[in-house]
file input29.txt (compact mmCIF, C-alpha atoms and all ligand atoms)
# COMPACT_ATOMS: atom_id res chain seq x y z
CA MET A 1 116.85 -24.12 49.69
CA LYS A 2 119.62 -21.94 48.27
CA ARG A 3 123.05 -22.79 46.92
CA ILE A 4 125.46 -19.88 46.92
CA GLY A 5 129.09 -19.34 46.01
CA LEU A 6 131.32 -16.86 47.84
CA LEU A 7 134.60 -15.35 46.76
CA THR A 8 136.87 -12.52 47.86
CA SER A 9 139.02 -10.96 45.16
CA GLY A 10 141.71 -8.27 44.84
CA GLY A 11 143.66 -6.72 47.72
CA ASP A 12 142.34 -7.82 51.10
CA CYS A 13 141.05 -5.47 53.78
CA GLN A 14 139.44 -5.58 57.18
CA ALA A 15 135.80 -6.74 57.37
CA LEU A 16 135.79 -9.21 54.46
CA ASN A 17 135.04 -11.99 56.94
CA ALA A 18 132.51 -9.85 58.78
CA THR A 19 130.66 -9.24 55.50
CA MET A 20 130.58 -12.91 54.50
CA ARG A 21 129.34 -13.70 58.00
CA GLY A 22 126.48 -11.22 57.48
CA VAL A 23 125.48 -12.89 54.20
CA VAL A 24 125.59 -16.44 55.55
CA LYS A 25 123.88 -15.63 58.86
CA GLY A 26 121.19 -13.70 56.99
CA LEU A 27 120.54 -16.75 54.82
CA SER A 28 120.92 -19.53 57.37
CA THR A 29 118.61 -17.77 59.82
CA ASN A 30 115.86 -17.62 57.22
CA LEU A 31 116.27 -20.86 55.28
CA ASP A 32 115.87 -24.50 56.23
CA GLU A 33 118.53 -25.55 53.77
CA LEU A 34 121.59 -23.68 52.60
CA GLU A 35 124.69 -24.79 50.71
CA VAL A 36 127.69 -22.49 50.70
CA TYR A 37 130.68 -22.98 48.41
CA GLY A 38 133.74 -20.88 49.21
CA PHE A 39 136.17 -20.38 46.32
CA ASP A 40 139.88 -20.25 47.10
CA ASP A 41 141.84 -17.10 46.28
CA GLY A 42 139.21 -15.12 44.42
CA TYR A 43 138.35 -15.70 40.77
CA LYS A 44 141.23 -18.20 40.57
CA GLY A 45 139.16 -20.67 42.59
CA LEU A 46 136.17 -20.15 40.32
CA ILE A 47 138.26 -20.55 37.16
CA TYR A 48 140.11 -23.69 38.26
CA GLY A 49 137.31 -25.21 40.31
CA ASN A 50 139.06 -24.92 43.67
CA TYR A 51 136.40 -24.63 46.34
CA ARG A 52 135.30 -25.93 49.71
CA MET A 53 131.84 -26.61 50.97
CA LEU A 54 131.31 -24.53 54.07
CA SER A 55 128.70 -24.59 56.78
CA ALA A 56 127.11 -21.79 58.79
CA LYS A 57 129.53 -22.78 61.58
CA ASP A 58 132.51 -21.66 59.49
CA PHE A 59 131.12 -18.13 59.62
CA SER A 60 130.84 -18.00 63.39
CA GLY A 61 133.54 -16.21 65.35
CA ILE A 62 134.93 -14.33 62.35
CA LEU A 63 133.32 -10.93 62.88
CA THR A 64 136.55 -9.47 64.24
CA ARG A 65 139.01 -11.42 62.11
CA GLY A 66 140.95 -9.42 59.50
CA GLY A 67 142.01 -10.80 56.10
CA THR A 68 139.80 -13.37 54.41
CA ILE A 69 139.12 -16.99 55.38
CA LEU A 70 138.85 -17.79 51.64
CA GLY A 71 142.13 -16.25 50.51
CA THR A 72 142.35 -13.74 47.67
CA SER A 73 144.37 -12.90 44.58
CA ARG A 74 144.50 -10.23 41.91
CA GLN A 75 143.05 -11.40 38.56
CA PRO A 76 143.06 -8.30 36.33
CA PHE A 77 139.79 -7.65 34.50
CA LYS A 78 141.65 -6.84 31.27
CA LEU A 79 143.08 -10.39 31.23
CA MET A 80 139.77 -12.16 31.87
CA ARG A 81 139.08 -12.55 28.15
CA VAL A 82 142.69 -13.61 27.50
CA PRO A 83 143.18 -17.40 27.69
CA ASP A 84 145.59 -18.61 30.41
CA GLU A 85 149.02 -20.11 29.62
CA ARG A 86 147.39 -23.48 28.87
CA GLY A 87 144.83 -21.88 26.55
CA LEU A 88 141.93 -22.08 29.02
CA ASP A 89 139.02 -19.70 28.39
CA LYS A 90 138.66 -18.20 31.89
CA VAL A 91 135.16 -16.83 31.45
CA GLU A 92 133.85 -20.16 30.14
CA ALA A 93 135.65 -21.98 32.95
CA MET A 94 134.00 -19.74 35.57
CA LYS A 95 130.58 -20.35 34.02
CA GLN A 96 131.17 -24.09 34.00
CA THR A 97 132.06 -24.13 37.70
CA TYR A 98 128.95 -22.09 38.48
CA TYR A 99 126.66 -24.41 36.49
CA LYS A 100 128.35 -27.59 37.71
CA LEU A 101 127.60 -26.57 41.31
CA ARG A 102 124.08 -25.46 40.29
CA LEU A 103 124.52 -22.21 42.17
CA ASP A 104 121.58 -19.88 42.71
CA CYS A 105 123.93 -16.95 43.13
CA LEU A 106 127.56 -15.96 43.32
CA VAL A 107 128.39 -13.39 46.01
CA ILE A 108 131.53 -11.49 45.07
CA LEU A 109 133.41 -9.28 47.51
CA GLY A 110 135.93 -6.94 45.94
CA GLY A 111 136.93 -3.53 44.61
CA ASN A 112 136.63 -1.85 41.23
CA GLY A 113 138.41 -4.45 39.07
CA THR A 114 136.56 -7.26 40.81
CA GLN A 115 133.29 -5.44 40.20
CA LYS A 116 133.99 -5.19 36.46
CA THR A 117 134.45 -8.95 36.26
CA ALA A 118 131.32 -9.43 38.40
CA ASN A 119 129.42 -7.37 35.85
CA LEU A 120 130.90 -9.38 32.99
CA LEU A 121 129.65 -12.58 34.64
CA ARG A 122 126.23 -10.97 35.04
CA GLU A 123 126.25 -10.13 31.32
CA GLU A 124 127.09 -13.80 30.70
CA GLY A 125 123.88 -14.74 32.50
CA LEU A 126 125.05 -15.61 36.03
CA ASN A 127 123.20 -14.45 39.15
CA ILE A 128 125.58 -12.05 40.88
CA ILE A 129 125.64 -9.91 44.02
CA HIS A 130 128.66 -7.65 44.54
CA LEU A 131 129.74 -6.28 47.91
CA PRO A 132 132.02 -3.23 47.86
CA LYS A 133 135.31 -3.91 49.58
CA THR A 134 138.35 -1.63 49.59
CA ILE A 135 140.30 0.60 51.92
CA ASP A 136 140.40 3.12 49.04
CA ASN A 137 136.66 3.94 49.19
CA ASP A 138 136.72 4.56 45.44
CA ILE A 139 133.67 2.55 44.37
CA TRP A 140 131.01 4.60 42.64
CA GLY A 141 127.44 4.19 43.91
CA THR A 142 128.22 3.74 47.60
CA ASP A 143 129.18 6.42 50.12
CA MET A 144 131.33 3.94 51.97
CA THR A 145 133.19 0.73 51.26
CA PHE A 146 134.04 -1.68 54.06
CA GLY A 147 137.70 -1.53 55.04
CA PHE A 148 137.91 2.22 54.53
CA GLN A 149 137.20 3.37 58.09
CA SER A 150 139.52 0.71 59.53
CA ALA A 151 142.34 1.93 57.26
CA VAL A 152 141.61 5.55 58.20
CA ASN A 153 141.93 4.56 61.87
CA ILE A 154 145.34 2.99 61.29
CA ALA A 155 146.66 5.86 59.18
CA THR A 156 145.39 8.32 61.79
CA ASP A 157 147.19 6.43 64.56
CA VAL A 158 150.38 6.69 62.51
CA ILE A 159 150.03 10.46 62.14
CA ASP A 160 149.26 10.73 65.87
CA CYS A 161 152.48 8.90 66.70
CA ILE A 162 154.49 11.02 64.28
CA HIS A 163 153.18 14.20 65.89
CA THR A 164 155.12 13.82 69.13
CA THR A 165 158.42 12.91 67.53
CA ALA A 166 158.05 15.57 64.79
CA ALA A 167 157.44 18.23 67.45
CA SER A 168 160.35 17.10 69.63
CA HIS A 169 162.83 17.28 66.76
CA SER A 170 161.35 20.20 64.83
CA ARG A 171 161.23 18.10 61.69
CA VAL A 172 159.17 17.91 58.54
CA PHE A 173 157.48 14.51 58.27
CA ILE A 174 155.97 13.00 55.15
CA VAL A 175 153.47 10.25 55.93
CA GLU A 176 152.59 8.36 52.74
CA ILE A 177 149.13 6.86 52.80
CA MET A 178 147.57 4.20 50.55
CA GLY A 179 144.56 4.85 48.34
CA HIS A 180 145.63 3.86 44.82
CA LYS A 181 144.46 6.63 42.43
CA VAL A 182 142.25 8.49 44.92
CA GLY A 183 142.77 10.50 48.11
CA TRP A 184 139.95 9.40 50.42
CA VAL A 185 142.06 7.68 53.08
CA THR A 186 144.61 10.50 53.08
CA LEU A 187 141.94 13.19 53.27
CA HIS A 188 140.19 11.60 56.25
CA ALA A 189 143.30 10.44 58.11
CA GLY A 190 145.02 13.75 57.38
CA ILE A 191 142.19 15.72 58.94
CA ALA A 192 141.72 13.25 61.83
CA GLY A 193 145.46 13.27 62.57
CA GLY A 194 145.81 17.04 62.36
CA ALA A 195 148.16 17.02 59.35
CA ASP A 196 149.25 20.50 58.25
CA ILE A 197 149.45 19.68 54.56
CA ILE A 198 147.34 17.11 52.69
CA LEU A 199 148.27 16.06 49.17
CA ILE A 200 145.86 13.96 47.12
CA PRO A 201 145.82 12.94 43.43
CA GLU A 202 142.63 14.89 42.75
CA ILE A 203 144.32 18.19 43.73
CA PRO A 204 147.73 18.36 42.01
CA TYR A 205 150.38 20.11 44.13
CA ASP A 206 152.68 23.03 43.46
CA ILE A 207 155.95 22.44 45.30
CA ASP A 208 156.39 26.18 45.97
CA LYS A 209 153.00 26.32 47.68
CA ILE A 210 154.08 23.49 49.97
CA VAL A 211 157.34 25.30 50.75
CA ASP A 212 155.35 28.48 51.52
CA ALA A 213 153.06 26.56 53.89
CA ILE A 214 156.04 25.06 55.75
CA ASN A 215 157.83 28.42 55.98
CA LYS A 216 154.66 30.07 57.25
CA ARG A 217 154.45 27.53 60.06
CA ASN A 218 158.09 28.04 60.96
CA LYS A 219 157.62 31.82 61.05
CA ALA A 220 154.66 31.30 63.38
CA GLY A 221 156.97 29.39 65.73
CA LYS A 222 155.70 25.92 64.84
CA GLY A 223 158.93 24.14 64.22
CA PHE A 224 157.49 21.01 62.69
CA THR A 225 155.18 20.17 59.81
CA ILE A 226 153.33 16.99 58.99
CA LEU A 227 152.36 16.18 55.42
CA ALA A 228 149.78 13.47 54.78
CA VAL A 229 150.53 12.40 51.22
CA ALA A 230 148.47 10.00 49.14
CA GLU A 231 150.52 7.39 47.30
CA GLY A 232 149.00 8.71 44.05
CA ALA A 233 149.71 12.41 44.73
CA ILE A 234 150.87 14.25 41.63
CA SER A 235 152.48 17.61 40.87
CA LYS A 236 150.80 20.31 38.79
CA GLU A 237 153.42 19.89 36.04
CA ASP A 238 152.86 16.14 35.84
CA ALA A 239 149.09 16.58 35.84
CA LYS A 240 149.41 18.64 32.64
CA LEU A 241 151.11 15.81 30.74
CA SER A 242 149.27 13.57 28.30
CA LYS A 243 148.51 10.02 29.49
CA LYS A 244 151.42 8.65 27.46
CA GLU A 245 153.89 11.33 28.62
CA LEU A 246 152.83 10.85 32.24
CA LYS A 247 153.35 7.10 32.04
CA LYS A 248 156.87 7.66 30.69
CA LYS A 249 157.63 10.27 33.39
CA GLN A 250 156.34 8.00 36.15
CA GLU A 251 158.50 5.14 34.88
CA GLU A 252 161.54 7.43 35.03
CA ASP A 253 160.60 8.59 38.55
CA LYS A 254 160.27 4.96 39.67
CA LYS A 255 163.93 4.39 38.81
CA LYS A 256 164.92 7.27 41.09
CA TYR A 257 162.39 7.07 43.93
CA PRO A 258 160.74 4.08 45.64
CA SER A 259 157.52 6.10 45.96
CA VAL A 260 156.03 9.59 45.84
CA ALA A 261 157.17 10.42 49.40
CA TYR A 262 160.81 10.15 48.31
CA LYS A 263 160.21 12.29 45.24
CA LEU A 264 158.60 14.93 47.39
CA GLU A 265 161.38 14.78 49.95
CA ASP A 266 163.92 15.35 47.19
CA GLU A 267 161.95 18.30 45.78
CA LEU A 268 161.53 19.84 49.25
CA GLN A 269 165.11 19.28 50.31
CA LYS A 270 166.26 21.40 47.34
CA LYS A 271 164.21 24.32 48.64
CA LEU A 272 164.34 23.96 52.42
CA ASN A 273 167.13 23.68 54.94
CA LEU A 274 165.15 21.44 57.27
CA ASP A 275 165.31 17.89 58.51
CA ILE A 276 162.81 15.80 56.51
CA ARG A 277 161.75 12.25 57.40
CA ILE A 278 159.44 9.75 55.69
CA THR A 279 157.04 7.24 57.26
CA ILE A 280 155.12 4.72 55.15
CA PRO A 281 152.62 2.54 57.02
CA GLY A 282 151.96 0.58 53.78
CA HIS A 283 150.01 -2.65 54.14
CA THR A 284 149.50 -2.20 57.88
CA GLN A 285 146.60 -0.04 56.66
CA ARG A 286 144.87 -3.17 55.40
CA GLY A 287 145.66 -5.30 58.42
CA GLY A 288 144.19 -6.25 61.77
CA SER A 289 140.60 -6.29 62.97
CA PRO A 290 137.85 -4.24 61.38
CA CYS A 291 136.91 -1.17 63.41
CA PRO A 292 133.37 -1.07 64.92
CA TYR A 293 132.07 1.13 62.08
CA ASP A 294 133.17 -1.44 59.50
CA ARG A 295 131.70 -4.30 61.53
CA VAL A 296 128.33 -2.56 61.51
CA LEU A 297 128.58 -1.60 57.82
CA SER A 298 129.59 -5.14 56.82
CA THR A 299 126.79 -6.67 58.82
CA ARG A 300 124.29 -4.38 57.14
CA LEU A 301 125.60 -4.98 53.62
CA GLY A 302 125.81 -8.74 54.19
CA SER A 303 122.32 -8.85 55.64
CA GLU A 304 120.91 -6.89 52.69
CA ALA A 305 122.69 -9.22 50.26
CA ALA A 306 120.97 -12.13 52.01
CA LYS A 307 117.63 -10.37 51.60
CA LEU A 308 118.19 -9.95 47.87
CA ILE A 309 119.12 -13.63 47.50
CA LEU A 310 116.06 -14.71 49.49
CA ASN A 311 113.95 -12.61 47.10
CA ASP A 312 115.80 -13.87 43.98
CA GLN A 313 116.97 -10.36 43.10
CA TYR A 314 120.33 -10.44 41.36
CA GLY A 315 122.69 -8.23 39.38
CA TYR A 316 123.28 -5.66 42.11
CA MET A 317 126.02 -4.12 44.22
CA VAL A 318 124.82 -3.49 47.77
CA GLY A 319 126.03 -0.08 48.94
CA ILE A 320 125.13 2.57 51.47
CA VAL A 321 123.86 6.00 50.48
CA ASN A 322 122.97 8.72 53.00
CA GLY A 323 122.97 6.15 55.79
CA LYS A 324 120.56 3.81 54.01
CA VAL A 325 121.51 0.47 52.50
CA LYS A 326 120.85 0.57 48.77
CA LYS A 327 120.98 -1.88 45.89
CA VAL A 328 122.66 -0.45 42.80
CA PRO A 329 122.40 -2.21 39.40
CA LEU A 330 125.85 -3.49 38.44
CA GLU A 331 125.57 -2.10 34.92
CA GLU A 332 125.20 1.37 36.48
CA CYS A 333 128.27 1.32 38.69
CA ALA A 334 130.78 -1.08 37.07
CA GLY A 335 133.83 0.70 35.68
CA LYS A 336 133.22 4.02 37.44
CA LEU A 337 135.68 5.49 39.92
CA LYS A 338 134.55 7.61 42.88
CA MET A 339 137.13 10.34 43.33
CA VAL A 340 137.42 13.23 45.79
CA SER A 341 136.08 16.37 44.19
CA PRO A 342 138.24 19.46 44.88
CA ASP A 343 134.92 21.20 45.65
CA GLU A 344 134.01 18.57 48.24
CA GLN A 345 132.69 20.18 51.43
CA LEU A 346 135.27 18.27 53.47
CA VAL A 347 138.12 19.75 51.41
CA GLN A 348 136.68 23.25 51.82
CA ASP A 349 136.21 22.73 55.58
CA ALA A 350 139.84 21.64 55.87
CA LYS A 351 141.11 24.59 53.84
CA ARG A 352 139.13 27.01 56.01
CA ILE A 353 141.01 25.89 59.11
CA GLY A 354 144.35 26.43 57.40
CA ILE A 355 145.21 22.98 56.06
CA SER A 356 147.17 23.38 52.84
CA PHE A 357 146.49 21.15 49.84
CA GLY A 358 149.54 22.50 48.06
CA ASP A 359 147.39 24.07 45.33
O1 LIG B 401 143.33 -1.20 46.66
C1 LIG B 401 143.87 -1.38 47.91
C2 LIG B 401 145.36 -1.08 47.91
O2 LIG B 401 145.84 -1.27 49.21
C3 LIG B 401 145.73 0.29 47.39
O3 LIG B 401 145.52 1.31 48.33
C4 LIG B 401 147.17 0.07 47.01
O4 LIG B 401 147.57 0.96 46.00
C5 LIG B 401 147.18 -1.35 46.51
O5 LIG B 401 146.03 -1.98 47.06
C6 LIG B 401 148.40 -2.14 46.88
O6 LIG B 401 148.31 -3.37 46.23
P1 LIG B 401 149.16 -4.64 46.60
O7 LIG B 401 148.62 -5.24 47.85
O8 LIG B 401 148.97 -5.54 45.43
O9 LIG B 401 150.58 -4.20 46.81
call {"tool": "encode", "arguments": {"input": "input29.txt", "output": "structure tokens"}}
result
Amino acid sequence: MKRIGLLTSGGDCQALNATMRGVVKGLSTNLDELEVYGFDDGYKGLIYGNYRMLSAKDFSGILTRGGTILGTSRQPFKLMRVPDERGLDKVEAMKQTYYKLRLDCLVILGGNGTQKTANLLREEGLNIIHLPKTIDNDIWGTDMTFGFQSAVNIATDVIDCIHTTAASHSRVFIVEIMGHKVGWVTLHAGIAGGADIILIPEIPYDIDKIVDAINKRNKAGKGFTILAVAEGAISKEDAKLSKKELKKKQEEDKKKYPSVAYKLEDELQKKLNLDIRITIPGHTQRGGSPCPYDRVLSTRLGSEAAKLILNDQYGYMVGIVNGKVKKVPLEECAGKLKMVSPDEQLVQDAKRIGISFGD
């Protein structure tokens, strides 16, 4: 007999349902008795005691369903130790819910912030398993997060569609891609979509280098250029600023430009006499069904989580490293960001075939 809690926290993505299905099927197949409590809207449900008892049936037929059947919300880690507006101690409240339900384990699906709170709950003595969800693929300790490949597929489709119209009109197109502070989605979708220029936060750009790359293409008779730009892309000048100065600069930029694509357009327009257009797929990158890769990954991670619970092994994130599912102690990975290294083989491969990174 096992009693588990499940919650999905932070921004949603494809394959959250597929992963929970893997956990529950892995447990229900191997146990005579299982109780599953699903918390509404992430940590909020755990704090305020909003949950539903679910059965194995609730996890059937959801392999392909995007979003999360539990709902989600953002509950910043830095505010977890700050009492709510009614003075409630959130950490104590979460522990009380856990103990009241006599849970054997809490399975938490989420990104970096979610993982930090998962680790905090582990430090407080709760049995925790974390499953790495995010389109950004920025969780340290796993090669891949679920949601990432699905988002790459969508962003790639967008670049594919832009290709034909960009070529017909001989235009410069900026496609702004999600990814928060890292460039994984942009790097992969940019390469898969045949972008000419890829800009990611980890490789600050020089606007003149971008102009050179566009002019070079025009001279070669290629009238159009596609830039895949990460939402967190940053110029070389801005990258040199201190944390405080950068924050101030970014606040000023926000007043002028809705996002980095518009800033870049403005900078390019001053130096180029070309038609420039912007496309931002935004949250579509988190929507729809998980791609087959994510369905397989989620099933594997969920199944491994079930194995750990069956063996009473807690305090881990389940990730995948070199194609093998791996349990990583939460204290080892919590709070670490996995960024693209400028020396990454993939970046070098892309550069070799002429893709500019604006550096
Ligand atoms: O972390 C996933 C993500 O989609 C990021 O790529 C993006 O920066 C952020 O979430 C958007 O957050 P929200 O859904 O709160 O607008």
call {"tool": "closest_atom_pairs", "arguments": {"input": "input29.txt", "of": "chain A", "to": "ligand LIG 401 (chain B)", "cutoff": "12 Å", "atoms": "all atoms listed in the file", "output": "tab-separated table"}}
result
residue	atom	partner	partner_atom	distance
A:Ser9	CA	B:LIG401	O1	10.8
A:Gly10	CA	B:LIG401	O1	7.5
A:Gly11	CA	B:LIG401	O7	5.2
A:Asp12	CA	B:LIG401	C1	7.3
A:Cys13	CA	B:LIG401	C1	7.7
A:Gln14	CA	B:LIG401	O2	11.1
A:Gly67	CA	B:LIG401	O7	11.9
A:Thr72	CA	B:LIG401	O7	10.6
A:Ser73	CA	B:LIG401	O8	8.7
A:Arg74	CA	B:LIG401	O8	7.4
A:Gln75	CA	B:LIG401	O8	10.8
A:Pro76	CA	B:LIG401	O8	11.2
A:Gly110	CA	B:LIG401	O1	9.4
A:Gly111	CA	B:LIG401	O1	7.1
A:Asn112	CA	B:LIG401	O1	8.6
A:Gly113	CA	B:LIG401	O1	9.6
A:Thr114	CA	B:LIG401	O1	10.8
A:Pro132	CA	B:LIG401	O1	11.6
A:Lys133	CA	B:LIG401	O1	9.0
A:Thr134	CA	B:LIG401	C1	5.8
A:Ile135	CA	B:LIG401	C1	5.7
A:Asp136	CA	B:LIG401	O3	5.5
A:Asn137	CA	B:LIG401	O1	8.8
A:Asp138	CA	B:LIG401	O1	8.9
A:Ile139	CA	B:LIG401	O1	10.6
A:Thr145	CA	B:LIG401	O1	11.3
A:Phe146	CA	B:LIG401	C1	11.6
A:Gly147	CA	B:LIG401	C1	9.4
A:Phe148	CA	B:LIG401	C1	9.6
A:Ala151	CA	B:LIG401	O2	9.3
A:Val152	CA	B:LIG401	O3	11.4
A:Ala155	CA	B:LIG401	O3	11.8
A:Glu176	CA	B:LIG401	O3	10.9
A:Ile177	CA	B:LIG401	O3	8.0
A:Met178	CA	B:LIG401	O3	4.2
A:Gly179	CA	B:LIG401	O3	3.7
A:His180	CA	B:LIG401	O4	3.7
A:Lys181	CA	B:LIG401	O4	7.4
A:Val182	CA	B:LIG401	O3	8.6
A:Gly183	CA	B:LIG401	O3	9.6
A:Trp184	CA	B:LIG401	O3	10.0
A:Val185	CA	B:LIG401	O3	8.7
A:Thr186	CA	B:LIG401	O3	10.4
A:Ala230	CA	B:LIG401	O3	9.2
A:Glu231	CA	B:LIG401	O4	7.2
A:Gly232	CA	B:LIG401	O4	8.1
A:Ala233	CA	B:LIG401	O4	11.7
A:Ser259	CA	B:LIG401	O4	11.2
A:Pro281	CA	B:LIG401	O2	11.0
A:Gly282	CA	B:LIG401	O2	7.9
A:His283	CA	B:LIG401	O2	6.6
A:Thr284	CA	B:LIG401	O2	9.5
A:Gln285	CA	B:LIG401	O2	7.6
A:Arg286	CA	B:LIG401	O2	6.5
A:Gly287	CA	B:LIG401	O2	10.1
call {"tool": "closest_residue", "arguments": {"input": "input29.txt", "among": "A:Asp253, A:Glu35, A:Glu85, A:Glu237", "to": "Arg102 of chain A", "atoms": "all atoms listed in the file"}}
result
A:Glu35
call {"tool": "residues_near_point", "arguments": {"input": "input29.txt", "point": "(151.8, 11.9, 62.8)", "cutoff": "12 Å", "atoms": "all atoms listed in the file", "output": "PyMOL selection string"}}
result
chain A and resi 154-167+171-177+189-197+224-229+277-281
call {"tool": "residues_around", "arguments": {"input": "input29.txt", "residues": "Leu31 of chain A", "least_positions_apart": "6", "cutoff": "10 Å", "atoms": "only C-alpha atoms", "output": "ChimeraX atom specification"}}
result
/A:1-2,25,310
call {"tool": "atom_distance", "arguments": {"input": "input29.txt", "atom1": "atom CA of Leu126 of chain A", "atom2": "atom CA of Met94 of chain A"}}
result
9.9 Å
call {"tool": "residues_near_point", "arguments": {"input": "input29.txt", "point": "(135.5, -26.9, 37.3)", "cutoff": "10 Å", "atoms": "only C-alpha atoms", "output": "PyMOL selection string"}}
result
chain A and resi 45-51+92-101
call {"tool": "closest_residue", "arguments": {"input": "input29.txt", "among": "A:Gly141, A:Gly221, A:Gly38, A:Pro83", "to": "Gln115 of chain A", "atoms": "all atoms listed in the file"}}
result
A:Gly141
call {"tool": "atom_distance", "arguments": {"input": "input29.txt", "atom1": "atom CA of Arg217 of chain A", "atom2": "atom CA of Ile198 of chain A"}}
result
14.6 Å
call {"tool": "atom_distance", "arguments": {"input": "input29.txt", "atom1": "atom CA of Gly358 of chain A", "atom2": "atom CA of Lys247 of chain A"}}
result
22.5 Å
call {"tool": "closest_residue", "arguments": {"input": "input29.txt", "among": "A:Ala305, A:Ala56, A:Val107, A:Ile207", "to": "Asn119 of chain A", "atoms": "all atoms listed in the file"}}
result
A:Val107
call {"tool": "closest_residue", "arguments": {"input": "input29.txt", "among": "A:Pro201, A:Gly335, A:Pro258, A:Gly354", "to": "Lys216 of chain A", "atoms": "all atoms listed in the file"}}
result
A:Gly354
call {"tool": "closest_residue", "arguments": {"input": "input29.txt", "among": "A:Met339, A:Val260, A:Ile214, A:Ile309", "to": "Leu274 of chain A", "atoms": "all atoms listed in the file"}}
result
A:Ile214
call {"tool": "closest_residue", "arguments": {"input": "input29.txt", "among": "A:Ile128, A:Ile320, A:Leu109, A:Leu7", "to": "Asp143 of chain A", "atoms": "all atoms listed in the file"}}
result
A:Ile320
call {"tool": "decode", "arguments": {"input": "input29.txt", "residues": "segment 196-201 of chain A", "atoms": "all heavy atoms", "output": "short mmCIF file (atom, residue, chain, number, x, y, z; two decimals), in the first residue's frame"}}
result
data_model
loop_
_atom_site.label_atom_id
_atom_site.label_comp_id
_atom_site.auth_asym_id
_atom_site.auth_seq_id
_atom_site.Cartn_x
_atom_site.Cartn_y
_atom_site.Cartn_z
N ASP A 196 19.49 31.58 -40.23
CA ASP A 196 20.80 32.04 -40.67
C ASP A 196 21.61 32.63 -39.52
O ASP A 196 22.84 32.58 -39.51
CB ASP A 196 20.62 33.10 -41.76
CG ASP A 196 19.66 32.61 -42.82
OD1 ASP A 196 20.02 31.62 -43.49
OD2 ASP A 196 18.53 33.14 -42.93
N ILE A 197 20.87 33.19 -38.56
CA ILE A 197 21.52 33.81 -37.40
C ILE A 197 20.78 33.30 -36.15
O ILE A 197 19.55 33.27 -36.12
CB ILE A 197 21.43 35.35 -37.48
CG1 ILE A 197 22.17 35.84 -38.74
CG2 ILE A 197 21.99 36.01 -36.23
CD1 ILE A 197 21.95 37.30 -39.09
N ILE A 198 21.56 32.89 -35.15
CA ILE A 198 20.96 32.40 -33.90
C ILE A 198 21.53 33.24 -32.76
O ILE A 198 22.75 33.33 -32.60
CB ILE A 198 21.29 30.90 -33.68
CG1 ILE A 198 20.60 30.04 -34.77
CG2 ILE A 198 20.86 30.43 -32.30
CD1 ILE A 198 20.93 28.55 -34.71
N LEU A 199 20.65 33.86 -32.00
CA LEU A 199 21.13 34.68 -30.88
C LEU A 199 20.61 34.10 -29.56
O LEU A 199 19.40 33.93 -29.39
CB LEU A 199 20.64 36.13 -31.03
CG LEU A 199 21.01 36.83 -32.34
CD1 LEU A 199 20.50 38.27 -32.33
CD2 LEU A 199 22.52 36.82 -32.60
N ILE A 200 21.54 33.79 -28.67
CA ILE A 200 21.15 33.19 -27.38
C ILE A 200 21.82 33.96 -26.24
O ILE A 200 22.87 34.59 -26.45
CB ILE A 200 21.52 31.68 -27.32
CG1 ILE A 200 23.02 31.44 -27.53
CG2 ILE A 200 20.72 30.88 -28.35
CD1 ILE A 200 23.45 29.98 -27.33
N PRO A 201 21.23 33.92 -25.05
CA PRO A 201 21.79 34.70 -23.93
C PRO A 201 23.23 34.35 -23.60
O PRO A 201 24.00 35.20 -23.15
CB PRO A 201 20.89 34.34 -22.74
CG PRO A 201 19.69 33.69 -23.30
CD PRO A 201 20.02 33.16 -24.65
#
